[in-house]
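Engineer: What follows is target-v5.cif; its format and atoms are mmCIF, C-alpha atoms.
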```
data_protein
loop_
_atom_site.label_atom_id
_atom_site.label_comp_id
_atom_site.auth_asym_id
_atom_site.auth_seq_id
_atom_site.Cartn_x
_atom_site.Cartn_y
_atom_site.Cartn_z
CA MET Z 1 90.71 156.81 107.54
CA ARG Z 2 92.09 157.65 104.09
CA CYS Z 3 90.59 158.33 100.69
CA PRO Z 4 90.47 155.01 98.74
CA TYR Z 5 91.23 156.90 95.49
CA CYS Z 6 94.26 159.06 96.37
CA GLY Z 7 95.16 158.14 99.97
CA SER Z 8 94.58 161.64 101.30
CA VAL Z 9 93.53 162.20 104.93
CA ARG Z 10 91.80 165.51 104.14
CA LEU Z 11 88.26 164.19 104.39
CA TYR Z 12 84.99 165.98 105.01
CA ARG Z 13 81.66 164.50 106.04
CA HIS Z 14 79.29 164.52 103.09
CA GLY Z 15 76.00 163.26 104.56
CA ALA Z 16 74.81 159.90 105.83
CA CYS Z 17 73.76 156.64 104.16
CA LYS Z 18 70.38 155.05 104.77
CA PRO Z 19 70.50 152.39 107.51
CA ARG Z 20 70.64 148.87 106.05
CA GLU Z 21 70.73 145.32 107.35
CA VAL Z 22 73.41 142.89 106.22
CA LEU Z 23 73.87 139.22 107.05
CA HIS Z 24 76.94 138.83 109.26
CA SER Z 25 77.02 135.23 110.52
CA TRP Z 26 75.04 132.19 111.71
CA SER Z 27 74.60 131.04 115.32
CA ASN Z 28 72.80 127.81 116.31
CA GLY Z 29 71.07 127.70 112.95
CA ARG Z 30 69.89 131.32 113.15
CA ARG Z 31 71.03 134.24 111.05
CA VAL Z 32 72.83 137.13 112.70
CA TYR Z 33 72.26 140.52 111.09
CA LEU Z 34 74.03 143.84 111.54
CA GLU Z 35 72.30 147.19 111.09
CA LEU Z 36 74.75 149.55 109.45
CA HIS Z 37 74.68 153.30 110.02
CA ARG Z 38 77.38 154.73 107.81
CA HIS Z 39 78.59 158.19 106.87
CA ARG Z 40 79.52 159.42 103.42
CA TRP Z 41 82.78 161.32 102.97
CA ARG Z 42 84.32 163.66 100.39
CA CYS Z 43 88.06 163.92 99.74
CA GLY Z 44 89.43 167.44 99.97
CA ASP Z 45 92.20 166.69 97.44
CA CYS Z 46 90.68 164.61 94.62
CA GLY Z 47 87.00 165.44 95.25
CA HIS Z 48 85.76 161.82 95.18
CA THR Z 49 83.00 160.74 97.55
CA PHE Z 50 82.77 157.32 99.21
CA ASN Z 51 81.04 155.40 102.00
CA GLU Z 52 82.83 154.32 105.12
CA GLY Z 53 82.82 150.70 106.23
CA ASN Z 54 83.93 149.07 102.98
CA GLU Z 55 86.33 146.89 104.99
CA LEU Z 56 83.26 145.29 106.62
CA VAL Z 57 80.95 144.86 103.62
CA GLN Z 58 81.55 145.23 99.90
CA PRO Z 59 79.49 147.77 97.90
CA HIS Z 60 76.00 146.51 96.98
CA SER Z 61 76.51 143.27 98.94
CA ARG Z 62 73.96 141.97 101.45
CA LEU Z 63 76.59 139.85 103.20
CA THR Z 64 79.51 141.04 105.29
CA ARG Z 65 82.96 139.74 104.42
CA GLN Z 66 82.74 137.47 107.47
CA ALA Z 67 79.51 135.91 106.17
CA GLU Z 68 81.10 135.42 102.74
CA ARG Z 69 84.05 133.57 104.29
CA GLU Z 70 81.73 131.32 106.30
CA ALA Z 71 79.62 130.50 103.23
CA LEU Z 72 82.75 129.61 101.23
CA TRP Z 73 83.96 127.41 104.06
CA GLN Z 74 80.69 125.47 103.94
CA LEU Z 75 81.16 124.90 100.19
CA LYS Z 76 84.44 123.05 100.78
CA ASP Z 77 82.72 119.72 101.40
CA ARG Z 78 79.04 120.34 100.60
CA SER Z 79 76.97 120.91 97.50
CA PHE Z 80 75.37 124.19 96.50
CA SER Z 81 71.90 122.88 97.35
CA GLN Z 82 72.96 121.75 100.85
CA VAL Z 83 74.57 125.09 101.68
CA ARG Z 84 71.60 126.99 100.22
CA ARG Z 85 69.16 125.08 102.45
CA GLU Z 86 71.24 125.37 105.61
CA LEU Z 87 72.37 129.00 105.29
CA GLY Z 88 69.52 130.48 103.30
CA VAL Z 89 71.89 132.01 100.75
CA GLY Z 90 70.83 131.77 97.10
CA TYR Z 91 72.60 129.69 94.48
CA GLY Z 92 73.52 132.77 92.42
CA THR Z 93 75.16 134.45 95.42
CA LEU Z 94 77.14 131.32 96.33
CA ARG Z 95 78.35 130.88 92.78
CA ARG Z 96 79.49 134.52 92.49
CA LEU Z 97 81.39 134.22 95.78
CA LEU Z 98 83.14 131.06 94.59
CA GLU Z 99 84.03 132.51 91.19
CA LYS Z 100 85.46 135.64 92.78
CA GLU Z 101 87.47 133.80 95.42
CA THR Z 102 89.08 130.91 93.58
CA ASP Z 103 91.45 132.33 91.03
CA GLU Z 104 93.31 135.31 92.52
CA GLU Z 105 94.97 133.47 95.40
CA ALA Z 106 95.85 130.40 93.32
CA LEU Z 107 97.20 132.44 90.40
CA GLY Z 108 99.41 134.39 92.79
CA LEU Z 109 101.27 131.17 93.67
CA LEU Z 110 101.96 130.09 90.06
CA PRO Z 111 105.04 132.33 89.47
CA LEU Z 112 106.75 130.41 92.31
CA GLU Z 113 106.35 127.08 90.49
CA GLU Z 114 109.14 125.79 88.24
CA GLU Z 115 106.80 123.65 86.11
CA ILE Z 116 103.04 123.94 85.62
CA PHE Z 117 100.75 121.12 84.45
CA LEU Z 118 97.34 122.53 83.60
CA GLY Z 119 94.00 120.76 83.37
CA MET Z 120 91.05 122.30 81.49
CA ASP Z 121 87.55 120.87 81.68
CA GLU Z 122 83.88 121.76 81.45
CA HIS Z 123 81.43 121.49 84.33
CA SER Z 124 77.78 122.37 84.67
CA PHE Z 125 76.00 124.19 87.49
CA LYS Z 126 72.51 122.79 88.13
CA HIS Z 127 72.95 120.70 84.93
CA GLN Z 128 72.28 123.82 82.85
CA GLU Z 129 75.06 126.39 82.71
CA LEU Z 130 78.41 125.14 81.43
CA VAL Z 131 81.60 126.75 82.74
CA HIS Z 132 85.31 126.07 82.27
CA THR Z 133 87.42 125.02 85.25
CA ILE Z 134 91.21 125.34 85.33
CA THR Z 135 93.37 123.24 87.67
CA GLU Z 136 97.04 122.57 88.40
CA VAL Z 137 96.95 118.81 87.86
CA LYS Z 138 100.06 117.69 89.77
CA LYS Z 139 99.41 119.95 92.77
CA ARG Z 140 95.67 119.15 92.66
CA ARG Z 141 94.90 122.84 93.05
CA MET Z 142 91.90 124.69 91.64
CA LEU Z 143 93.03 127.80 89.77
CA GLY Z 144 89.75 129.16 88.53
CA ILE Z 145 86.07 128.59 87.83
CA LEU Z 146 85.22 130.85 84.90
CA ARG Z 147 81.87 132.60 84.57
CA ASP Z 148 80.92 130.80 81.32
CA ASP Z 149 82.21 128.35 78.70
CA ARG Z 150 83.15 130.95 76.07
CA ILE Z 151 86.59 130.51 74.49
CA ALA Z 152 87.25 134.26 74.77
CA THR Z 153 86.78 134.08 78.56
CA LEU Z 154 89.06 131.04 78.75
CA ARG Z 155 91.77 132.69 76.63
CA MET Z 156 91.74 135.81 78.82
CA PHE Z 157 92.23 133.71 81.96
CA LEU Z 158 94.99 131.53 80.48
CA LYS Z 159 97.02 134.59 79.50
CA LYS Z 160 97.45 135.37 83.21
CA ILE Z 161 99.47 132.15 83.61
CA PRO Z 162 103.26 132.29 82.95
CA GLU Z 163 103.56 130.85 79.43
CA GLY Z 164 107.12 129.53 79.70
CA LYS Z 165 106.43 127.44 82.80
CA VAL Z 166 103.50 125.45 81.37
CA LYS Z 167 104.81 122.01 80.32
CA GLU Z 168 101.56 120.13 79.66
CA VAL Z 169 97.91 120.99 79.19
CA CYS Z 170 95.42 118.18 79.81
CA ILE Z 171 92.06 118.64 78.07
CA ASP Z 172 89.00 116.67 77.00
CA MET Z 173 88.44 115.80 73.33
CA LYS Z 174 87.03 119.18 72.26
CA GLU Z 175 88.84 120.70 69.30
CA SER Z 176 88.25 124.26 70.57
CA LEU Z 177 90.16 123.54 73.79
CA ARG Z 178 93.08 122.09 71.84
CA LYS Z 179 93.28 125.18 69.63
CA VAL Z 180 93.26 127.68 72.49
CA ALA Z 181 95.83 125.64 74.46
CA GLU Z 182 98.20 125.54 71.47
CA GLU Z 183 97.64 129.25 70.82
CA VAL Z 184 98.36 130.46 74.38
CA PHE Z 185 101.01 127.84 75.27
CA PRO Z 186 102.78 126.99 71.96
CA LYS Z 187 105.67 125.16 73.67
CA ALA Z 188 103.47 123.01 75.96
CA LYS Z 189 102.36 119.48 75.10
CA VAL Z 190 98.60 119.16 74.75
CA VAL Z 191 97.38 115.80 76.04
CA VAL Z 192 94.02 114.11 76.61
CA ASP Z 193 92.48 112.92 79.86
CA PRO Z 194 91.86 109.14 79.44
CA PHE Z 195 88.54 109.52 81.25
CA HIS Z 196 87.18 111.48 78.30
CA VAL Z 197 88.50 108.95 75.79
CA ILE Z 198 86.70 106.12 77.61
CA ALA Z 199 83.58 108.27 77.95
CA ASP Z 200 83.66 108.96 74.20
CA SER Z 201 83.95 105.26 73.37
CA ASN Z 202 81.06 104.47 75.74
CA ARG Z 203 78.94 107.17 74.09
CA ARG Z 204 79.61 105.72 70.64
CA MET Z 205 78.79 102.23 71.91
CA ASP Z 206 75.46 103.43 73.28
CA GLU Z 207 74.63 105.33 70.09
CA ALA Z 208 75.16 102.14 68.10
CA ARG Z 209 72.94 100.23 70.56
CA ARG Z 210 70.12 102.76 70.22
CA ILE Z 211 70.33 102.74 66.42
CA GLU Z 212 70.21 98.94 66.40
CA GLN Z 213 67.24 99.00 68.76
CA ASP Z 214 65.23 101.88 67.28
CA VAL Z 215 65.92 101.59 63.56
CA TYR Z 216 66.77 98.03 62.71
CA ARG Z 217 64.66 96.28 65.34
CA LYS Z 218 61.81 98.82 65.17
CA ARG Z 219 61.80 98.92 69.01
CA LYS Z 220 60.32 95.43 69.09
CA MET Z 221 63.23 94.22 71.20
CA LYS Z 222 64.89 96.29 73.95
CA ILE Z 223 68.68 95.94 74.01
CA PRO Z 224 70.20 96.36 77.50
CA LYS Z 225 72.42 99.42 77.95
CA LYS Z 226 74.45 98.97 81.13
CA ILE Z 227 75.94 95.57 80.31
CA PHE Z 228 77.76 97.03 77.28
CA LEU Z 229 79.24 99.95 79.23
CA ILE Z 230 80.84 97.85 81.96
CA GLY Z 231 84.48 96.96 81.32
CA GLN Z 232 84.93 93.34 80.27
CA GLU Z 233 87.53 92.79 83.00
CA LYS Z 234 84.87 93.68 85.59
CA LEU Z 235 82.31 91.14 84.34
CA ASN Z 236 81.92 87.69 85.87
CA GLU Z 237 81.47 84.59 83.73
CA GLU Z 238 77.71 85.00 83.65
CA GLY Z 239 78.07 88.61 82.49
CA LYS Z 240 80.56 87.71 79.77
CA GLY Z 241 78.23 84.98 78.54
CA ARG Z 242 75.36 87.45 78.42
CA VAL Z 243 77.42 89.91 76.38
CA ALA Z 244 78.47 87.18 73.94
CA LYS Z 245 74.84 86.15 73.49
CA LEU Z 246 73.69 89.73 72.87
CA LEU Z 247 76.48 90.35 70.35
CA ALA Z 248 75.52 87.15 68.51
CA MET Z 249 71.93 88.40 68.33
CA HIS Z 250 73.02 91.89 67.22
CA PRO Z 251 76.19 91.50 65.09
CA GLY Z 252 76.16 95.21 64.16
CA LEU Z 253 77.34 96.02 67.70
CA LYS Z 254 80.43 93.78 67.63
CA SER Z 255 82.85 96.28 66.09
CA PHE Z 256 81.83 99.05 68.51
CA TYR Z 257 82.16 96.76 71.51
CA ARG Z 258 85.57 95.49 70.40
CA ALA Z 259 86.74 99.07 69.81
CA LYS Z 260 85.57 100.15 73.26
CA GLU Z 261 87.36 97.26 74.95
CA LYS Z 262 90.49 97.89 72.89
CA ILE Z 263 90.57 101.47 74.16
CA ARG Z 264 90.04 100.36 77.78
CA SER Z 265 92.82 97.77 77.48
CA PHE Z 266 95.19 100.32 75.93
CA ILE Z 267 94.61 102.77 78.77
CA ASN Z 268 94.58 100.27 81.64
CA LYS Z 269 97.93 98.74 80.64
CA ARG Z 270 99.65 102.12 80.73
CA VAL Z 271 98.02 103.11 83.99
CA GLU Z 272 99.26 99.85 85.57
CA LYS Z 273 102.80 100.43 84.25
CA LYS Z 274 102.61 104.12 85.24
CA GLN Z 275 104.41 105.16 82.09
CA PRO Z 276 105.50 108.80 82.37
CA GLY Z 277 104.78 109.50 78.71
CA PHE Z 278 101.31 108.03 78.78
CA TRP Z 279 99.45 111.34 78.71
CA ILE Z 280 101.61 112.56 75.84
CA SER Z 281 101.07 109.45 73.70
CA LEU Z 282 97.28 109.56 73.91
CA PRO Z 283 96.01 111.22 70.71
CA LEU Z 284 92.85 113.29 70.54
CA THR Z 285 91.15 110.98 68.02
CA LEU Z 286 92.24 107.63 69.42
CA SER Z 287 88.79 106.09 69.68
CA GLN Z 288 87.82 107.19 66.15
CA ARG Z 289 90.99 105.70 64.66
CA ILE Z 290 90.48 102.36 66.37
CA ILE Z 291 86.88 102.16 65.12
CA GLU Z 292 87.93 103.10 61.59
CA SER Z 293 90.69 100.49 61.57
CA LEU Z 294 88.32 97.59 62.33
#
```
Since I need it in another form, could you write the structure as structure tokens?
Structural biologist:
Amino acid sequence: MRCPYCGSVRLYRHGACKPREVLHSWSNGRRVYLELHRHRWRCGDCGHTFNEGNELVQPHSRLTRQAEREALWQLKDRSFSQVRRELGVGYGTLRRLLEKETDEEALGLLPLEEEIFLGMDEHSFKHQELVHTITEVKKRRMLGILRDDRIATLRMFLKKIPEGKVKEVCIDMKESLRKVAEEVFPKAKVVVDPFHVIADSNRRMDEARRIEQDVYRKRKMKIPKKIFLIGQEKLNEEGKGRVAKLLAMHPGLKSFYRAKEKIRSFINKRVEKKQPGFWISLPLTLSQRIIESL
């Protein structure tokens, strides 16, 4: 055993720690605990004191490293709530384990890549706390799940990525993400995920529907929501007839519906052709410009 601070082997026993139980594994649906009896040591060279057994369990943790690995393995194909119910480990603990584990290994591989194509997005845990996620789009590899959605946290993480190797950064339509991407990677092309463009056009369509229903019609007539959000190419003849009838009854929705379908058509044609420059040619304010041009 060596001192973790200076590597010296001149160690002296410096008392004993209180016995504690830590979760080590699961067997046939039951938890397996270890009772730890550890000594405390002092280094004869640097004078620091430390507990033995840190290779088994991290300081202040109630799970051994083996239990942490098993919990992370369960999260590969299950939700937080499923793993929490089956293993009895809290949501906060699972999230901290995932945040700590994801980025270091993935970031260590990035210097080996010749070109990097980043994806930045927002996700919510339990539909409450927003966090930023960073991925390598072409390799389909998760690089990091940040602890919050603050731009300062995102900027700090992005600066760990080799700047010269980043060719493209794919974002949603948030202006703050565009600014930080251009700041950290000035030579990279900032492009927009078409999913977010379609989602934005659907949101605007639904806002127009609610205004028409709540303000102009005084809620006397309920206007269906789902029929307007389905792509026109996915509707059968009956569905198309229903949309035409609703638009005739509510002419204020026509321009928003046409704009939404124009955006879908624009995106679908390029996806079918698999144009390599598609992501580059998609501007951040595409849906707004189409609506304004009508």
Engineer: Atom CA of Z:Arg204 and atom CA of Z:Lys218, how far apart in Å?
Structural biologist: 19.9 Å
Engineer: For Z:Trp73, please output as a list in words all residues within 12 Å (counting all atoms listed in the file; exclusion window: fewer than 3 positions along the same chain).
Structural biologist: Gln66, Ala67, Glu68, Arg69, Glu70, Lys76, Asp77, Arg78, Ser79, Phe80, Val83, Leu87, Leu94, Leu97, Leu98 and Glu101 of chain Z
Engineer: If the PyMOL selection byres ((chain Z and resi 131-135) around 10) is run on the structure shown, which residues does it catch, given as number ranges by chain?
Structural biologist: Z: 103, 106, 116-125, 128-130, 136-151, 153-154, 157-158, 169-171
Engineer: Go ahead and compute the interatomic distance for atom CA of Z:Ala188 and atom CA of Z:Glu168, in Å to one decimal.
Structural biologist: 5.1 Å
Engineer: What does the distance from atom CA of Z:Ser61 to atom CA of Z:Lys160 come to in Å, to one decimal?
Structural biologist: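 For atom CA of Z:Ser61 relative to atom CA of Z:Lys160, the distance reads 27.4 Å.
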Engineer: For a cut-off of 12 Å around (86.5, 150.6, 102.7), file coordinates, pick out all residues using only C-alpha atoms and list them as a list in words.
Structural biologist: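 The residues near that point, listed by chain and number, are Met1, Arg2, Cys3, Pro4, Tyr5, Gly7, Arg38, His39, Arg40, Trp41, Thr49, Phe50, Asn51, Glu52, Gly53, Asn54, Glu55, Leu56, Val57, Gln58, Pro59 and Arg65 of chain Z.
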Engineer: Selection in question (the file shown): the PyMOL selection byres ((chain Z and resi 165) around 8). Which residues does it include, as a ChimeraX atom specification?
Structural biologist: /Z:113-116,162-164,166-167
Engineer: I need the output of the PyMOL selection byres ((chain Z and resi 197) around 8) for this file as a ChimeraX atom specification; which residues are they?
Structural biologist: /Z:172-173,192-196,198-201,263,286-287
Engineer: If I put a ball of radius 7 Å at (78.5, 98.1, 73.4) in the file's coordinates, which residues poke into it when counting only C-alpha atoms, written as a VMD selection string?
Structural biologist: chain Z and resid 205 to 206 209 228 to 229 253 256 to 257
Engineer: Once you have the residues from the selection above, write them out as an mmCIF file, in the coordinates of the input, restricted to C-alpha atoms.
Structural biologist:
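Just written: result_6.cif:
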```cif
data_model
loop_
_atom_site.group_PDB
_atom_site.id
_atom_site.type_symbol
_atom_site.label_atom_id
_atom_site.label_comp_id
_atom_site.auth_asym_id
_atom_site.auth_seq_id
_atom_site.Cartn_x
_atom_site.Cartn_y
_atom_site.Cartn_z
ATOM 1 C CA MET Z 205 78.790 102.230 71.910
ATOM 2 C CA ASP Z 206 75.460 103.430 73.280
ATOM 3 C CA ARG Z 209 72.940 100.230 70.560
ATOM 4 C CA PHE Z 228 77.760 97.030 77.280
ATOM 5 C CA LEU Z 229 79.240 99.950 79.230
ATOM 6 C CA LEU Z 253 77.340 96.020 67.700
ATOM 7 C CA PHE Z 256 81.830 99.050 68.510
ATOM 8 C CA TYR Z 257 82.160 96.760 71.510
#
```
Engineer: Closest to Z:Lys225 among Z:Phe266, Z:Thr64, Z:Leu246, Z:Lys240, using all atoms listed in the file?
Structural biologist: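 Residue with the minimum atom-to-atom distance to Z:Lys225: Z:Leu246.
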Engineer: Of the residues Z:Val180, Z:Lys262, Z:Leu75, Z:Glu175, which is the one nearest to Z:Met156, using only C-alpha atoms?
Structural biologist: Z:Val180
Engineer: Between Z:Asn28, Z:Arg96, Z:Val184, Z:Ala208, which is the closest to Z:Lys254 once you count all atoms listed in the file?
Structural biologist: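 Between Z:Asn28, Z:Arg96, Z:Val184, Z:Ala208, the residue approaching Z:Lys254 most closely is Z:Ala208.
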